[in-house]
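Asks: Quick one: the structure is below, and I'll ask about it shortly.
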2 protein chains.
Amino acid sequence: MNDPVFFTRLVRSLPTTVPFVGPETLARRSGRAFKVRLGANESAFGVSPKAQEAMRETIKRVSWYNDPDNYEIRAAVAAFHGMPFENVGIGSGIDDLLGLVVRIFMEQGETAVTSLGAYPTFNYHVTGFGGSLHFVPYRDDRNDLEALADAAAETGARLVYLSNPDNPAGTWHVSRDLEAFVDRLPEGCILILDEAYVEFATDEAVLPLDPVDPRVIRMRTFSKVHGMAGARIGYAIAAAEIVNAFEKVRHHFGVNRIAQAGALASLGDPDFVARVVEAVAEGRREYEALGRELGLPTLPSGTNFVSFDAGDADRAEWMVGTLLERGAFVRKPGAPPLDRCFRVTVGTAPEREAFAEILREVVEIEES
Amino acid sequence: MNDPVFFTRLVRSLPTTVPFVGPETLARRSGRAFKVRLGANESAFGVSPKAQEAMRETIKRVSWYNDPDNYEIRAAVAAFHGMPFENVGIGSGIDDLLGLVVRIFMEQGETAVTSLGAYPTFNYHVTGFGGSLHFVPYRDDRNDLEALADAAAETGARLVYLSNPDNPAGTWHVSRDLEAFVDRLPEGCILILDEAYVEFATDEAVLPLDPVDPRVIRMRTFSKVHGMAGARIGYAIAAAEIVNAFEKVRHHFGVNRIAQAGALASLGDPDFVARVVEAVAEGRREYEALGRELGLPTLPSGTNFVSFDAGDADRAEWMVGTLLERGAFVRKPGAPPLDRCFRVTVGTAPEREAFAEILREVVEIEES
């Protein structure tokens with residue numbers, strides 16, 4: 001058992017890691033509960049009452065397995081977007097779908113391109129399946145599309161990852177620039193377009209969904225605007241043969257019954273979604289005002305969070321640590337140039353007030 | 001996109017498959033709902049009221065991500081079994097955990113040994129990660145421990161899969177025979193002991209849990225006796241370094257928040273579990289009597305289902321098809337010698353009555 005040759009070569013080479021340390025773990029370590037939980041871009045505006053009701057009803061039948069075909073929610077997502085059933089694949093969140101895509105496309109030793117400091121779970125899956133990562137720095141606090149396309153060509157990348165609007169920056173590229181980017185990708189290279197936050201963005205930030213571009217895998221989620229992060233359900237929109245390849249390797253019973261029912265109901269409650277989008281826009285404006293007040297400029301955001309610019313990485317790190325100590329759970333990007341920022345989820349009005357109070361205290365401590 | 005060289009070599013070699021066709025899909029295909037759903041060994045006795053309450057409460061906070069460390073339920077499972085935290089790994093059901101184990105142990109081309117006709121999802125994962133399967137026929141309707149151990153030695157297997165009590169037979173081996181079996185396994189070969197049904201079995205069918213045998217990975221689930229199949233949560237009990245290896249590749253946010261809360265509450269409701277075990281035992285006895293009445297002998301069962309022996313595979317297949325047509329969802333094993341049987345989950349008293357009525361009709365049709 002102590003023989004290091006026990007596991008596969010690849011697994012022996014991997015670190016033991018958690019892409020994100022959860023707030024529960026941070027709270028356990030510190031022995032203190034958080035006053036405001038604004039570090040994971042969870043929706044502060046809850047779940048559609050229709051979805052809550054559907055989930056409560058489903059609990060009564062949770063002794064039945066979930067439908068492994070995810071048929072109803074898959075058909076509903078397809079209808080919602082006005083596209084064929086076979087172009088929609090359901091997974092237990094974008095994290096699950098990212099793992100599937102890496103697994104079906106990347107041989108060990110092949111390369112994926114992503115921005116330096118972008119979504120760590122994509123990197124986790126690439127490394128976990130034996131791929132290599134090539135990182136491209138952000139430029140002007142946005143994904144550097146030209147450099148990403150150049151890197152894809154130079155490295156012969158199988159996959160390029162891009163989130164638009166971006167996490168952790170919050171910034172975005174407009175549709176025509178995304179189209180030009182896709183056209184510049186080398187043949188055989190697939191773009192994973194992570195659109196977890198797309199509902200919070202303006203229409204100009206959204207590539208047309210129809211027709212499905214075979215070079216692009218879109219990923220969307222019920223974790224953000226739908227407020228169902230803990231339920232674990234998301235979907236990919238992609239060429240039929242890509243969705244079909246998921247069938248070869250996916251965890252068929254992976255999307256639980258309650259999530260399927262809740263997502264179906266939430267998709268049928270567009271008024272709720274519209275109210276969340278509006279509430280988030282209001283909260284963003286409030287954060288921008290707070291940033292101006294405290295000399296912490298904010299980055300433009302097409303998401304449900306705002307990045308505050310602390311000027312340099314040391315100051316940002318100190319501020320995040322001090323915020324955590326005082327009960328505000330927020331996170332910060334780990335890599336330059338964004339590591340000079342800290343990222344705050346748009347909370348409810350009382351949460352924003354509580355956060356503003358703590359942030360003002362932190363700035364006062366610094367000045368004293 | 002039509003280039004077959006698009007996906008990895010392994011993925012190109014895989015079939016598009018679903019290890020189990022769900023009852024929802026069967027019902028959609030036939031255009032009829034089932035009267036009784038007794039084909040997936042789901043618990044007919046529901047979910048602990050405490051677990052239901054915990055899940056309902058959690059819906060209110062489902063906009064928060066699940067704890068990626070599964071800390072509370074992991075600690076509770078460890079305490080429940082009186083063993084160290086580091087020996088418990090949580091997954092979104094045994095299916096998820098089987099995938100993890102195959103992934104961390106098996107290089108492409110290596111071999112796993114399992115009984116012919118045993119759990120198809122294990123086979124799915126082995127094939128999905130490029131492993132080879134070596135099948136050992138059942139003997140006297142039980143897993144053939146001697147032949148499995150011999151096959152493991154002959155093939156240099158990395159993994160052997162065994163469910164005890166067995167699915168789909170329902171039969172079991174006693175603890176001392178399992179111990180002898182583990183001792184016969186070749187060095188470096190790990191036994192996956194799937195104990196999904198273990199709560200329904202007598203104590204003699206259960207290997208001691210403590211101390212943890214580094215050669216054995218035990219798998220247990222909240223899908224069966226706890227009645228939470230649709231919630232997706234199970235656990236592995238294994239050497240700490242095996243559980244630690246899960247951390248390198250697992251889908252950290254894969255176990256949803258509602259399942260974690262429900263499992264925690266159900267684990268704290270042993271009276272409920274005891275009542276389910278008793279109700280299942282009563283139902284098994286009723287099925288045995290039904291089998292005697294209709295000339296369909298039943299196999300001994302340490303599970304929540306009973307295998308009825310139709311004598312030969314053609315007859316069993318006809319009976320399952322006719323049962324399905326008449327609204328009773330049951331399944332049958334696909335490989336000899338068990339393919340002469342069909343497998344019926346223990347339902348509630350009214351479900352058993354409805355099933356008995358349909359089965360009597362089927363026997364009458366056959367005789368007429």
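Just remember, in the structure tokens the first chain shown is A, the second B, etc., residues are 1-based per chain, and ligands are 1-based in the order shown.
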Please determine the contact residues of chain A with respect to chain B at a cut-off of 6 Å, counting only C-alpha atoms, and supply them as a ChimeraX atom specification.

Replies: /A:7-8,11,16-17,42-43,46,56,62-66,104-105,107,128,227-232,247-249,256-257

Asks: Identify, with DSSP run on backbone atoms, the residues in stretch 37-210 of chain B assigned to alpha helix (DSSP H), and express the list as a PyMOL selection string.

Replies: chain B and resi 49-59+71-81+94-105+120-128+145-155+175-184

Asks: For A:Pro208, list every protein, DNA or RNA residue within 10 Å, evaluated using only C-alpha atoms, and leave out those in the same chain fewer than 3 positions away; present the list as an NGL selection string.

Replies: :A and (175-176 or 179 or 203-205 or 211-213)

Asks: Can you tell me how far atom CA of B:Ala236 sits from atom CA of A:Ala263, in Å to one decimal?

Replies: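 Calculated distance between atom CA of B:Ala236 and atom CA of A:Ala263 is 29.2 Å.
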
Asks: Give me the residues within 8 Å of A:Val320 as a ChimeraX atom specification, counting only C-alpha atoms and dropping any in the same chain fewer than 5 places off.

Replies: /A:330-332,342

Asks: Print the selection's residues with N, CA, C and O atoms to a file, as an mmCIF file, in the first residue's frame.

Replies:
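Contents of the output file out.cif:
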data_model
loop_
_atom_site.group_PDB
_atom_site.id
_atom_site.type_symbol
_atom_site.label_atom_id
_atom_site.label_comp_id
_atom_site.auth_asym_id
_atom_site.auth_seq_id
_atom_site.Cartn_x
_atom_site.Cartn_y
_atom_site.Cartn_z
ATOM 1 N N VAL A 330 -15.058 36.973 0.748
ATOM 2 C CA VAL A 330 -14.860 37.365 -0.650
ATOM 3 C C VAL A 330 -13.601 36.644 -1.133
ATOM 4 O O VAL A 330 -12.869 36.061 -0.339
ATOM 5 N N ARG A 331 -13.380 36.676 -2.445
ATOM 6 C CA ARG A 331 -12.182 36.045 -2.985
ATOM 7 C C ARG A 331 -11.445 37.033 -3.863
ATOM 8 O O ARG A 331 -11.982 38.067 -4.251
ATOM 9 N N LYS A 332 -10.202 36.675 -4.212
ATOM 10 C CA LYS A 332 -9.443 37.515 -5.131
ATOM 11 C C LYS A 332 -8.772 36.658 -6.187
ATOM 12 O O LYS A 332 -8.408 35.500 -5.912
ATOM 13 N N PHE A 342 -10.043 42.534 -5.784
ATOM 14 C CA PHE A 342 -10.813 41.511 -5.069
ATOM 15 C C PHE A 342 -12.225 41.523 -5.612
ATOM 16 O O PHE A 342 -12.708 42.547 -6.102
#

Asks: Enumerate the residues of stretch 34-262 of chain A with a DSSP assignment of strand (DSSP E or B), computed from the backbone, and present them as a ChimeraX atom specification.

Replies: /A:36-37,88-91,111-115,132-136,139,142,159-163,190-194,216-221,234-237

Asks: Find the residues near B:Leu193: any atom within 7 Å, counting only C-alpha atoms, skip ones fewer than 4 places away on the same chain, and give them as JSON, numbers by chain.

Replies: {"B": [161, 162, 163, 164, 216, 217, 218, 219]}

Asks: Have a look at atom CA of B:Gly302 and atom CA of B:Val273 and let me know their distance in Å, one decimal.

Replies: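 Separating atom CA of B:Gly302 from atom CA of B:Val273 is a distance of 15.3 Å.
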
Asks: So that I can check the surroundings of B:Ala180, please list as a PDB file with C-alpha atoms, in the first residue's frame every protein, DNA and RNA residue that reaches within 10 Å of it, counting only C-alpha atoms and ignoring chain neighbours fewer than 4 positions away.

Replies:
ATOM      1  CA  LEU B 145     -15.292 -16.571  -5.342  1.00  0.00           C
ATOM      2  CA  GLU B 146     -12.724 -19.215  -6.198  1.00  0.00           C
ATOM      3  CA  ALA B 149      -9.697 -15.091  -7.367  1.00  0.00           C
ATOM      4  CA  SER B 175     -17.914 -13.057   6.063  1.00  0.00           C
ATOM      5  CA  ARG B 176     -15.374 -15.859   6.547  1.00  0.00           C
ATOM      6  CA  ARG B 184      -6.462 -15.301  -2.197  1.00  0.00           C
ATOM      7  CA  LEU B 185      -6.309 -12.141  -4.323  1.00  0.00           C
TER       8      LEU B 185
END

Asks: Using only C-alpha atoms, which residues sit within 6 Å of B:Phe308 once same-chain residues fewer than 6 positions away are excluded, as number ranges by chain?

Replies: B: 296-298, 341-342

Asks: Using all heavy atoms, can you write the selected residues to a file as a CSV table (one decimal), in the first residue's frame?

Replies:
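Final file, part30.csv:
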chain,number,residue,atom,x,y,z
B,296,LEU,N,-42.9,-20.5,-9.6
B,296,LEU,CA,-41.7,-19.7,-10.0
B,296,LEU,C,-40.8,-19.6,-8.7
B,296,LEU,O,-41.0,-18.6,-8.0
B,296,LEU,CB,-42.2,-18.3,-10.4
B,296,LEU,CG,-43.0,-18.2,-11.7
B,296,LEU,CD1,-43.8,-16.9,-11.8
B,296,LEU,CD2,-42.1,-18.4,-12.9
B,297,PRO,N,-40.0,-20.6,-8.5
B,297,PRO,CA,-39.2,-20.6,-7.3
B,297,PRO,C,-38.3,-19.3,-7.2
B,297,PRO,O,-37.9,-18.7,-8.2
B,297,PRO,CB,-38.2,-21.8,-7.5
B,297,PRO,CG,-38.8,-22.5,-8.6
B,297,PRO,CD,-39.6,-21.6,-9.5
B,298,THR,N,-38.1,-18.8,-6.0
B,298,THR,CA,-37.4,-17.6,-5.7
B,298,THR,C,-36.0,-18.0,-5.2
B,298,THR,O,-35.8,-19.0,-4.5
B,298,THR,CB,-38.1,-16.7,-4.7
B,298,THR,OG1,-38.4,-17.5,-3.5
B,298,THR,CG2,-39.4,-16.1,-5.3
B,341,CYS,N,-34.0,-15.9,-14.7
B,341,CYS,CA,-34.7,-15.2,-13.7
B,341,CYS,C,-35.2,-13.9,-14.1
B,341,CYS,O,-34.7,-13.3,-15.0
B,341,CYS,CB,-33.8,-15.1,-12.4
B,341,CYS,SG,-33.2,-16.7,-11.8
B,342,PHE,N,-36.2,-13.4,-13.3
B,342,PHE,CA,-36.5,-11.9,-13.4
B,342,PHE,C,-36.5,-11.4,-12.0
B,342,PHE,O,-36.8,-12.1,-11.0
B,342,PHE,CB,-37.8,-11.6,-14.1
B,342,PHE,CG,-39.0,-12.3,-13.6
B,342,PHE,CD1,-39.9,-11.7,-12.7
B,342,PHE,CD2,-39.4,-13.6,-14.0
B,342,PHE,CE1,-41.0,-12.3,-12.2
B,342,PHE,CE2,-40.5,-14.2,-13.6
B,342,PHE,CZ,-41.3,-13.6,-12.6

Asks: Measure the distance from atom CA of A:Val344 to atom CA of A:Asp312 in Å and round it to one decimal.

Replies: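 Taking atom CA of A:Val344 as the start and atom CA of A:Asp312 as the end point, the length is 16.8 Å.
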
Asks: Which residue, A:Ala316, A:Ala27, A:Val88, A:Val136, has the smallest gap to A:Leu338 when you use only C-alpha atoms?

Replies: A:Ala316
